[in-house]
$ cat coords-v8.tsv   # TSV, N, CA, C and O atoms
chain	number	residue	atom	x	y	z
A	76	MET	N	160.31	10.21	-20.03
A	76	MET	CA	160.03	11.12	-18.95
A	76	MET	C	159.81	10.37	-17.64
A	76	MET	O	160.11	10.88	-16.59
A	77	TYR	N	159.25	9.17	-17.72
A	77	TYR	CA	158.99	8.42	-16.49
A	77	TYR	C	160.30	8.07	-15.78
A	77	TYR	O	160.42	8.25	-14.58
A	78	LYS	N	161.26	7.60	-16.55
A	78	LYS	CA	162.51	7.15	-15.96
A	78	LYS	C	163.49	8.30	-15.71
A	78	LYS	O	164.11	8.37	-14.66
A	79	ASP	N	163.63	9.20	-16.68
A	79	ASP	CA	164.66	10.24	-16.58
A	79	ASP	C	164.08	11.65	-16.57
A	79	ASP	O	164.80	12.61	-16.88
A	80	GLY	N	162.84	11.79	-16.22
A	80	GLY	CA	162.20	13.10	-16.22
A	80	GLY	C	162.90	14.12	-15.32
A	80	GLY	O	162.92	15.31	-15.61
A	81	HIS	N	163.46	13.64	-14.23
A	81	HIS	CA	164.16	14.55	-13.32
A	81	HIS	C	165.40	15.17	-13.95
A	81	HIS	O	165.92	16.17	-13.46
A	82	LEU	N	165.88	14.62	-15.05
A	82	LEU	CA	167.06	15.15	-15.73
A	82	LEU	C	166.72	16.22	-16.76
A	82	LEU	O	167.61	16.92	-17.23
A	83	VAL	N	165.46	16.34	-17.11
A	83	VAL	CA	165.03	17.30	-18.13
A	83	VAL	C	164.85	18.67	-17.49
A	83	VAL	O	164.04	18.83	-16.58
A	84	LYS	N	165.61	19.63	-17.98
A	84	LYS	CA	165.56	20.97	-17.42
A	84	LYS	C	164.28	21.68	-17.87
A	84	LYS	O	163.90	21.61	-19.04
A	85	ASP	N	163.61	22.33	-16.95
A	85	ASP	CA	162.39	23.11	-17.20
A	85	ASP	C	161.24	22.27	-17.77
A	85	ASP	O	160.41	22.78	-18.52
A	86	ALA	N	161.18	21.00	-17.42
A	86	ALA	CA	160.08	20.15	-17.87
A	86	ALA	C	158.79	20.58	-17.17
A	86	ALA	O	158.81	20.87	-15.97
A	87	PRO	N	157.69	20.64	-17.89
A	87	PRO	CA	156.43	21.00	-17.23
A	87	PRO	C	156.01	19.91	-16.25
A	87	PRO	O	156.29	18.73	-16.45
A	88	ARG	N	155.38	20.32	-15.20
A	88	ARG	CA	154.96	19.39	-14.16
A	88	ARG	C	153.44	19.22	-14.21
A	88	ARG	O	152.70	20.17	-14.45
A	89	LEU	N	152.99	18.01	-13.97
A	89	LEU	CA	151.56	17.74	-13.87
A	89	LEU	C	151.06	18.15	-12.49
A	89	LEU	O	151.82	18.12	-11.52
A	90	PRO	N	149.79	18.51	-12.39
A	90	PRO	CA	149.23	18.83	-11.08
A	90	PRO	C	149.33	17.63	-10.14
A	90	PRO	O	149.27	16.48	-10.57
A	91	LEU	N	149.49	17.91	-8.85
A	91	LEU	CA	149.67	16.83	-7.88
A	91	LEU	C	148.35	16.26	-7.37
A	91	LEU	O	148.34	15.19	-6.77
A	92	ASN	N	147.25	16.98	-7.59
A	92	ASN	CA	145.97	16.47	-7.12
A	92	ASN	C	144.85	17.00	-8.01
A	92	ASN	O	145.08	17.86	-8.87
A	93	LEU	N	143.65	16.50	-7.79
A	93	LEU	CA	142.51	16.88	-8.63
A	93	LEU	C	142.20	18.37	-8.54
A	93	LEU	O	141.92	19.00	-9.55
A	94	LEU	N	142.28	18.95	-7.35
A	94	LEU	CA	141.97	20.37	-7.20
A	94	LEU	C	142.93	21.22	-8.02
A	94	LEU	O	142.51	22.15	-8.72
A	95	ASP	N	144.21	20.92	-7.96
A	95	ASP	CA	145.19	21.67	-8.76
A	95	ASP	C	144.94	21.49	-10.25
A	95	ASP	O	145.08	22.43	-11.03
A	96	ALA	N	144.55	20.29	-10.66
A	96	ALA	CA	144.26	20.03	-12.07
A	96	ALA	C	143.03	20.82	-12.52
A	96	ALA	O	143.02	21.39	-13.62
A	97	LEU	N	142.01	20.88	-11.69
A	97	LEU	CA	140.81	21.65	-12.03
A	97	LEU	C	141.12	23.14	-12.15
A	97	LEU	O	140.64	23.81	-13.06
A	98	ARG	N	141.92	23.64	-11.25
A	98	ARG	CA	142.32	25.06	-11.32
A	98	ARG	C	143.11	25.35	-12.59
A	98	ARG	O	142.94	26.39	-13.21
A	99	ALA	N	143.98	24.43	-12.97
A	99	ALA	CA	144.75	24.60	-14.20
A	99	ALA	C	143.82	24.58	-15.41
A	99	ALA	O	143.98	25.38	-16.34
A	100	TYR	N	142.84	23.68	-15.41
A	100	TYR	CA	141.88	23.60	-16.51
A	100	TYR	C	141.06	24.89	-16.59
A	100	TYR	O	140.82	25.41	-17.68
A	101	GLU	N	140.64	25.40	-15.44
A	101	GLU	CA	139.87	26.65	-15.42
A	101	GLU	C	140.68	27.81	-15.99
A	101	GLU	O	140.12	28.71	-16.61
A	102	GLY	N	141.97	27.78	-15.79
A	102	GLY	CA	142.83	28.85	-16.27
A	102	GLY	C	143.27	28.71	-17.71
A	102	GLY	O	143.95	29.59	-18.24
A	103	ASP	N	142.91	27.62	-18.35
A	103	ASP	CA	143.33	27.36	-19.73
A	103	ASP	C	142.17	27.60	-20.69
A	103	ASP	O	141.42	26.70	-21.04
A	104	ASN	N	142.02	28.84	-21.12
A	104	ASN	CA	140.91	29.22	-21.99
A	104	ASN	C	140.98	28.53	-23.35
A	104	ASN	O	139.95	28.21	-23.94
A	105	ILE	N	142.17	28.28	-23.84
A	105	ILE	CA	142.33	27.61	-25.13
A	105	ILE	C	141.79	26.18	-25.05
A	105	ILE	O	141.04	25.74	-25.93
A	106	LEU	N	142.17	25.45	-24.01
A	106	LEU	CA	141.69	24.08	-23.85
A	106	LEU	C	140.18	24.05	-23.64
A	106	LEU	O	139.48	23.23	-24.22
A	107	GLN	N	139.68	24.95	-22.81
A	107	GLN	CA	138.23	24.99	-22.57
A	107	GLN	C	137.47	25.28	-23.87
A	107	GLN	O	136.43	24.67	-24.13
A	108	LYS	N	137.99	26.18	-24.68
A	108	LYS	CA	137.34	26.50	-25.94
A	108	LYS	C	137.37	25.29	-26.87
A	108	LYS	O	136.39	24.97	-27.54
A	109	ALA	N	138.50	24.59	-26.90
A	109	ALA	CA	138.63	23.41	-27.75
A	109	ALA	C	137.68	22.29	-27.30
A	109	ALA	O	137.13	21.56	-28.14
A	110	MET	N	137.49	22.16	-26.00
A	110	MET	CA	136.61	21.12	-25.47
A	110	MET	C	135.14	21.51	-25.56
A	110	MET	O	134.27	20.65	-25.51
A	111	GLY	N	134.90	22.81	-25.66
A	111	GLY	CA	133.52	23.29	-25.72
A	111	GLY	C	133.08	23.86	-24.39
A	111	GLY	O	133.39	23.30	-23.34
A	112	GLU	N	132.37	24.98	-24.46
A	112	GLU	CA	131.94	25.65	-23.22
A	112	GLU	C	131.00	24.78	-22.40
A	112	GLU	O	131.13	24.69	-21.17
A	113	GLU	N	130.05	24.13	-23.06
A	113	GLU	CA	129.08	23.31	-22.34
A	113	GLU	C	129.76	22.12	-21.66
A	113	GLU	O	129.49	21.82	-20.49
A	114	PHE	N	130.65	21.45	-22.38
A	114	PHE	CA	131.38	20.32	-21.80
A	114	PHE	C	132.23	20.80	-20.63
A	114	PHE	O	132.24	20.17	-19.57
A	115	SER	N	132.96	21.89	-20.82
A	115	SER	CA	133.86	22.38	-19.78
A	115	SER	C	133.09	22.72	-18.51
A	115	SER	O	133.53	22.36	-17.40
A	116	ALA	N	131.97	23.40	-18.65
A	116	ALA	CA	131.17	23.76	-17.48
A	116	ALA	C	130.66	22.52	-16.76
A	116	ALA	O	130.73	22.42	-15.52
A	117	ALA	N	130.16	21.54	-17.51
A	117	ALA	CA	129.64	20.31	-16.91
A	117	ALA	C	130.77	19.51	-16.26
A	117	ALA	O	130.61	18.98	-15.15
A	118	TYR	N	131.90	19.41	-16.93
A	118	TYR	CA	133.05	18.67	-16.41
A	118	TYR	C	133.54	19.28	-15.10
A	118	TYR	O	133.76	18.58	-14.11
A	119	LEU	N	133.70	20.61	-15.10
A	119	LEU	CA	134.17	21.27	-13.88
A	119	LEU	C	133.18	21.10	-12.74
A	119	LEU	O	133.58	20.84	-11.60
A	120	LYS	N	131.90	21.20	-13.02
A	120	LYS	CA	130.88	21.03	-11.98
A	120	LYS	C	130.96	19.61	-11.40
A	120	LYS	O	130.94	19.43	-10.18
A	121	LEU	N	131.04	18.62	-12.25
A	121	LEU	CA	131.13	17.23	-11.82
A	121	LEU	C	132.39	16.97	-11.00
A	121	LEU	O	132.34	16.36	-9.93
A	122	LYS	N	133.51	17.43	-11.51
A	122	LYS	CA	134.78	17.13	-10.85
A	122	LYS	C	134.96	17.91	-9.55
A	122	LYS	O	135.60	17.42	-8.61
A	123	TYR	N	134.41	19.14	-9.46
A	123	TYR	CA	134.46	19.86	-8.18
A	123	TYR	C	133.59	19.14	-7.15
A	123	TYR	O	133.95	19.07	-5.96
A	124	ALA	N	132.45	18.57	-7.56
A	124	ALA	CA	131.63	17.79	-6.65
A	124	ALA	C	132.39	16.55	-6.19
A	124	ALA	O	132.32	16.17	-5.01
A	125	GLU	N	133.13	15.93	-7.10
A	125	GLU	CA	133.96	14.77	-6.75
A	125	GLU	C	135.03	15.17	-5.74
A	125	GLU	O	135.27	14.46	-4.76
A	126	TRP	N	135.67	16.31	-5.95
A	126	TRP	CA	136.70	16.79	-5.03
A	126	TRP	C	136.10	17.07	-3.66
A	126	TRP	O	136.67	16.73	-2.62
A	127	ASP	N	134.92	17.70	-3.64
A	127	ASP	CA	134.26	18.00	-2.37
A	127	ASP	C	133.93	16.73	-1.60
A	127	ASP	O	134.12	16.67	-0.38
A	128	ALA	N	133.45	15.70	-2.30
A	128	ALA	CA	133.14	14.43	-1.65
A	128	ALA	C	134.41	13.78	-1.10
A	128	ALA	O	134.41	13.25	0.02
A	129	PHE	N	135.48	13.83	-1.87
A	129	PHE	CA	136.76	13.28	-1.42
A	129	PHE	C	137.27	14.03	-0.19
A	129	PHE	O	137.70	13.44	0.80
A	130	SER	N	137.19	15.35	-0.23
A	130	SER	CA	137.70	16.18	0.86
A	130	SER	C	136.90	16.01	2.15
A	130	SER	O	137.42	16.28	3.23
A	131	ALA	N	135.67	15.60	2.04
A	131	ALA	CA	134.82	15.43	3.21
A	131	ALA	C	135.12	14.15	3.98
A	131	ALA	O	134.63	13.96	5.09
A	132	GLN	N	135.92	13.26	3.42
A	132	GLN	CA	136.22	11.98	4.06
A	132	GLN	C	137.29	12.16	5.13
A	132	GLN	O	138.25	12.90	4.95
A	133	LEU	N	137.11	11.48	6.22
A	133	LEU	CA	138.09	11.46	7.29
A	133	LEU	C	139.00	10.26	7.09
A	133	LEU	O	138.53	9.11	7.10
A	134	THR	N	140.27	10.52	6.86
A	134	THR	CA	141.20	9.43	6.62
A	134	THR	C	141.58	8.73	7.94
A	134	THR	O	141.44	9.33	9.01
A	135	PRO	N	142.06	7.51	7.86
A	135	PRO	CA	142.52	6.83	9.09
A	135	PRO	C	143.61	7.64	9.80
A	135	PRO	O	143.63	7.68	11.04
A	136	TRP	N	144.50	8.27	9.07
A	136	TRP	CA	145.55	9.08	9.70
A	136	TRP	C	144.94	10.25	10.45
A	136	TRP	O	145.34	10.54	11.59
A	137	GLU	N	143.98	10.95	9.83
A	137	GLU	CA	143.32	12.06	10.52
A	137	GLU	C	142.60	11.58	11.77
A	137	GLU	O	142.65	12.23	12.82
A	138	HIS	N	141.95	10.46	11.66
A	138	HIS	CA	141.24	9.89	12.80
A	138	HIS	C	142.21	9.57	13.94
A	138	HIS	O	141.96	9.88	15.10
A	139	ALA	N	143.32	8.98	13.62
A	139	ALA	CA	144.29	8.56	14.62
A	139	ALA	C	145.03	9.73	15.26
A	139	ALA	O	145.43	9.65	16.42
A	140	THR	N	145.22	10.81	14.51
A	140	THR	CA	146.06	11.88	15.03
A	140	THR	C	145.30	13.12	15.49
A	140	THR	O	145.89	13.99	16.13
A	141	THR	N	144.02	13.22	15.18
A	141	THR	CA	143.31	14.44	15.54
A	141	THR	C	142.09	14.25	16.41
A	141	THR	O	141.57	15.20	16.97
A	142	LEU	N	141.62	13.03	16.55
A	142	LEU	CA	140.41	12.79	17.34
A	142	LEU	C	140.75	12.07	18.64
A	142	LEU	O	141.60	11.21	18.69
A	143	ASP	N	140.04	12.46	19.69
A	143	ASP	CA	140.17	11.73	20.94
A	143	ASP	C	139.32	10.48	20.86
A	143	ASP	O	138.12	10.55	20.60
A	144	VAL	N	139.95	9.36	21.01
A	144	VAL	CA	139.22	8.10	20.90
A	144	VAL	C	139.19	7.40	22.23
A	144	VAL	O	140.05	7.41	23.00
$ encode --input "coords-v8.tsv" --output "structure tokens"
Amino acid sequence: MYKDGHLVKDAPRLPLNLLDALRAYEGDNILQKAMGEEFSAAYLKLKYAEWDAFSAQLTPWEHATTLDV
């Protein structure tokens, strides 16, 4: 899949970022049940906090293109 994945018709795609992955996990009741409700709730809480911390960072590109310096 790494080398020739683009040739596979209708291949499932992985989420492009953590937020999309978390949303997919939230929507997968079978996986959440298999992992356990307590684990799933704790994992989602932790990873959403991680996403929030990441999103709060100002990247060098944002700094260079959006702020008056």
$ closest_residue --input "coords-v8.tsv" --among "A:Phe129, A:Thr140, A:Lys120, A:Glu113" --to "Leu97 in chain A" --atoms "only C-alpha atoms"
A:Lys120
$ axis_aligned_box --input "coords-v8.tsv" --around "range 135-144 of chain A" --padding-each-side "3 Å" --output "lines of an AutoDock Vina configuration file"
center_x = 142.1
center_y = 11.0
center_z = 15.4
size_x = 13.9
size_y = 14.4
size_z = 21.1
$ select_by_dssp --input "coords-v8.tsv" --residues "range 77-141 of chain A" --states "helix (DSSP H, G or I)" --output "ChimeraX atom specification"
/A:80-82,93-101,104-110,112-130,135-141
$ residues_around --input "coords-v8.tsv" --residues "Trp126 in chain A" --least-positions-apart "3" --cutoff "12 Å" --atoms "only C-alpha atoms" --output "PyMOL selection string"
chain A and resi 92-98+119-123+129-132
$ atom_distance --input "coords-v8.tsv" --atom1 "atom O of Thr141 in chain A" --atom2 "CA of Ala128 in chain A"
20.5 Å
$ decode --input "coords-v8.tsv" --residues "range 77-138 of chain A" --atoms "C-alpha atoms" --output "compact mmCIF listing (two decimals), in the first residue's frame"
# COMPACT_ATOMS: atom_id res chain seq x y z
CA TYR A 77 2.88 2.38 0.69
CA LYS A 78 4.34 2.07 -2.79
CA ASP A 79 1.30 1.28 -4.95
CA GLY A 80 -1.62 2.39 -2.79
CA HIS A 81 -2.70 4.94 -5.37
CA LEU A 82 -3.40 2.04 -7.77
CA VAL A 83 -5.86 0.29 -5.43
CA LYS A 84 -9.42 1.20 -6.31
CA ASP A 85 -11.66 2.24 -3.39
CA ALA A 86 -8.87 1.81 -0.81
CA PRO A 87 -9.82 3.25 2.57
CA ARG A 88 -7.98 6.42 3.50
CA LEU A 89 -6.46 7.25 6.86
CA PRO A 90 -7.38 10.55 8.52
CA LEU A 91 -5.06 13.40 7.56
CA ASN A 92 -4.78 14.87 11.06
CA LEU A 93 -5.48 14.14 14.71
CA LEU A 94 -8.84 15.94 14.74
CA ASP A 95 -10.15 13.88 11.83
CA ALA A 96 -8.87 10.70 13.50
CA LEU A 97 -10.63 11.58 16.77
CA ARG A 98 -13.89 12.26 14.94
CA ALA A 99 -13.60 8.91 13.17
CA TYR A 100 -12.96 7.16 16.50
CA GLU A 101 -15.96 8.89 18.06
CA GLY A 102 -18.11 7.65 15.20
CA ASP A 103 -16.94 4.05 15.49
CA ASN A 104 -19.11 2.49 18.20
CA ILE A 105 -17.75 -1.00 17.54
CA LEU A 106 -14.14 0.09 18.12
CA GLN A 107 -15.07 2.11 21.20
CA LYS A 108 -16.93 -0.86 22.65
CA ALA A 109 -13.97 -3.15 21.94
CA MET A 110 -11.57 -0.71 23.60
CA GLY A 111 -13.88 -0.14 26.54
CA GLU A 112 -16.05 2.83 27.43
CA GLU A 113 -13.76 4.07 30.20
CA PHE A 114 -10.64 3.88 28.03
CA SER A 115 -12.39 5.52 25.07
CA ALA A 116 -13.66 8.42 27.16
CA ALA A 117 -10.24 9.00 28.74
CA TYR A 118 -8.41 8.65 25.41
CA LEU A 119 -10.71 11.11 23.65
CA LYS A 120 -10.42 13.62 26.50
CA LEU A 121 -6.63 13.40 26.46
CA LYS A 122 -6.28 13.59 22.70
CA TYR A 123 -8.75 16.49 22.32
CA ALA A 124 -6.67 18.38 24.90
CA GLU A 125 -3.58 17.55 22.83
CA TRP A 126 -5.30 18.84 19.68
CA ASP A 127 -6.36 22.03 21.46
CA ALA A 128 -2.78 22.66 22.63
CA PHE A 129 -1.47 22.04 19.11
CA SER A 130 -4.09 24.32 17.56
CA ALA A 131 -3.24 27.14 19.95
CA GLN A 132 0.33 27.39 18.62
CA LEU A 133 1.24 30.11 16.17
CA THR A 134 3.33 28.65 13.40
CA PRO A 135 6.20 30.56 11.77
CA TRP A 136 4.15 30.73 8.55
CA GLU A 137 1.17 32.24 10.38
CA HIS A 138 3.46 34.70 12.09
